[in-house]
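K.L.:
Pasting in a structure now, in structure tokens, and then I'll have a few things to ask.
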Amino acid sequence: MFPYRTVLFDVDGTLIDSNDAHASAWAQALTEHGIEVPVSDVRRLIGMGGDKLLPAVASVDESSPLGVTLGRRKKELFTAALPGLQPTPGARSLLEYLQNRDIALVVATSADDREMRAILKQGGLEDMFAAHTTKDDAAESKPDPDIVLAALARADARPESTVMVGDTPYDIEAAHRAGVAAIALRCGGYWTDADLLGAIEIFDNPAALLAWWRC
């Protein structure tokens, strides 16, 4: 029998190939405001929200006037890149398979609600989820467990019958801190399998995870 009643999904890098676009947008926004940060330094933090990323790369508080300006400009740059982004291989097929088995599907992302909905629409996945949780529903973004805990509450789900699917160490840590098992996907790029240690399984992309779950 399928061991889970609820599957939580990260979005960026997991269902949509968007991590590089996020990193480039942050790096450009910072550069435009006189803060030179290599894209590679930003890239390793994609998966966190701006509340974690900006202090880490630029010692800027997200809620400060500069932080708000940077966040606004980053959103503009990412929105411009959005039409060129594609879903990861097998993303919709995996969601359809789970949906057809009456598994509850819940978004658990560090993006804000507006950005999350735009990304899902670009990937043709906006109709696949019963519920969404974003940074708007949590005090802290990943790797803190707040978003995962909010997703569990939103779905009225039990941790022991839930799994989190994500592509970064921050997804895995957030899931573990919420008492939820995690499956990692390599399609987000950047991270090695050693970085994803702690996931119960690691797969190349949603298509590979689907093939395993169908066995």
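Chain identifiers are assigned as A, B, and so on, following the order in which chains appear in the structure tokens; residues are numbered from 1 within each chain, and ligands are numbered from 1 in order of appearance.
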Where does region 105-184 of chain A meet region 90-95 of chain A within 8 Å, residue by residue, with the nearest atom pair and distance in Å to one decimal for each, counting only C-alpha atoms, listed by chain and rising number, as a Markdown table?
P.N.:
```
| residue | atom | partner | partner_atom | distance |
| --- | --- | --- | --- | --- |
| A:Leu105 | CA | A:Leu95 | CA | 7.7 |
| A:Gly124 | CA | A:Arg92 | CA | 7.8 |
| A:Leu125 | CA | A:Arg92 | CA | 6.5 |
| A:Met128 | CA | A:Leu95 | CA | 6.6 |
```
K.L.:
Next, dump the selected residues to file, keeping only N, CA and C atoms, as a PDB file, in the first residue's frame.
P.N.:
```pdb
ATOM      1  N   LEU A 105      -2.361  16.755  -1.728  1.00  0.00           N
ATOM      2  CA  LEU A 105      -1.170  17.444  -2.218  1.00  0.00           C
ATOM      3  C   LEU A 105      -1.164  18.875  -1.702  1.00  0.00           C
ATOM      4  N   GLY A 124       1.932  25.048 -15.480  1.00  0.00           N
ATOM      5  CA  GLY A 124       0.711  24.304 -15.770  1.00  0.00           C
ATOM      6  C   GLY A 124       0.287  23.397 -14.640  1.00  0.00           C
ATOM      7  N   LEU A 125       0.558  23.810 -13.412  1.00  0.00           N
ATOM      8  CA  LEU A 125       0.308  22.960 -12.246  1.00  0.00           C
ATOM      9  C   LEU A 125      -0.656  23.595 -11.246  1.00  0.00           C
ATOM     10  N   MET A 128      -3.487  21.516  -9.395  1.00  0.00           N
ATOM     11  CA  MET A 128      -3.154  20.206  -8.850  1.00  0.00           C
ATOM     12  C   MET A 128      -3.143  20.134  -7.327  1.00  0.00           C
TER      13      MET A 128
END
```
K.L.:
Return as CSV the residues of region 32-59 of chain A lying at most 9 Å from region 136-151 of chain A, together with the closest atom-to-atom pair for each and the distance in Å to one decimal, counting only C-alpha atoms, with rows in chain order and ascending residue number.
P.N.:
```
residue,atom,partner,partner_atom,distance
A:Gly47,CA,A:Lys142,CA,7.0
A:Met48,CA,A:Lys142,CA,5.2
A:Gly49,CA,A:Ser141,CA,5.3
A:Gly50,CA,A:Ser141,CA,8.2
A:Asp51,CA,A:Ser141,CA,7.1
A:Lys52,CA,A:Ser141,CA,7.3
```
K.L.:
Find the nearest atom pair between each residue of region 133-174 of chain A and region 9-12 of chain A for residues within 9 Å, count only C-alpha atoms, give distances in Å to one decimal, sort rows by chain and ascending number, and present the table as JSON lines.
P.N.:
```
{"residue": "A:Val163", "atom": "CA", "partner": "A:Phe9", "partner_atom": "CA", "distance": 8.7}
{"residue": "A:Met164", "atom": "CA", "partner": "A:Phe9", "partner_atom": "CA", "distance": 5.9}
{"residue": "A:Val165", "atom": "CA", "partner": "A:Phe9", "partner_atom": "CA", "distance": 5.0}
{"residue": "A:Gly166", "atom": "CA", "partner": "A:Asp10", "partner_atom": "CA", "distance": 5.0}
{"residue": "A:Asp167", "atom": "CA", "partner": "A:Asp10", "partner_atom": "CA", "distance": 7.6}
{"residue": "A:Asp171", "atom": "CA", "partner": "A:Asp10", "partner_atom": "CA", "distance": 7.4}
```
K.L.:
Could you pull out the helix (DSSP H, G or I) residues of region 26-93 of chain A from DSSP and send them as a VMD selection string?
P.N.:
chain A and resid 26 to 32 39 to 43 50 to 58 65 to 84 91 to 93
K.L.:
Go through A:Ala131, A:Ala104, A:Gln86, A:Glu201 one by one, measure the shortest atom-to-atom distance of each to Thr14 (chain A) using only C-alpha atoms, and give the residue with the smallest value.
P.N.:
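Of all the options, A:Gln86 lies closest to Thr14 (chain A).
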K.L.:
Choose the residue, out of A:Glu96, A:Glu62, A:Asp204, A:Asp17, that has the smallest atom-to-atom separation from Phe129 (chain A); count only C-alpha atoms.
P.N.:
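Under the stated criterion, the closest residue is A:Glu96.
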K.L.:
Run DSSP on the backbone and grab whatever in region 33-187 of chain A lands in strand (DSSP E); send it over as a VMD selection string.
P.N.:
chain A and resid 104 to 108 131 to 133 162 to 166 181 to 185
K.L.:
Could you list, as a list in words, every residue within 9 Å of Ile202 (chain A), counting only C-alpha atoms and ignoring same-chain residues fewer than 3 positions away?
P.N.:
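Near Ile202 (chain A), the qualifying residues are Ile183, Ala184, Leu185, Arg186, Asp193, Leu196, Leu197, Ala199, Asn205 and Leu209 of chain A.
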K.L.:
Would you kindly return, as a list in words, each protein, DNA or RNA residue with an atom no farther than 9 Å from any atom of region 113-122 of chain A, considering only C-alpha atoms and excluding same-chain residues fewer than 3 positions away?
P.N.:
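My list of contacting residues is Val11, Asp12, Leu15, Ile16, Ser18, Lys75, Thr79, Leu82, Pro83, Gly84, Leu85, Gln86, Pro87, Val107, Thr109, Ser110, Leu125, Glu126, Asp127, His132, Thr133, Thr134, Lys135, Asp136 and Asp137 of chain A.
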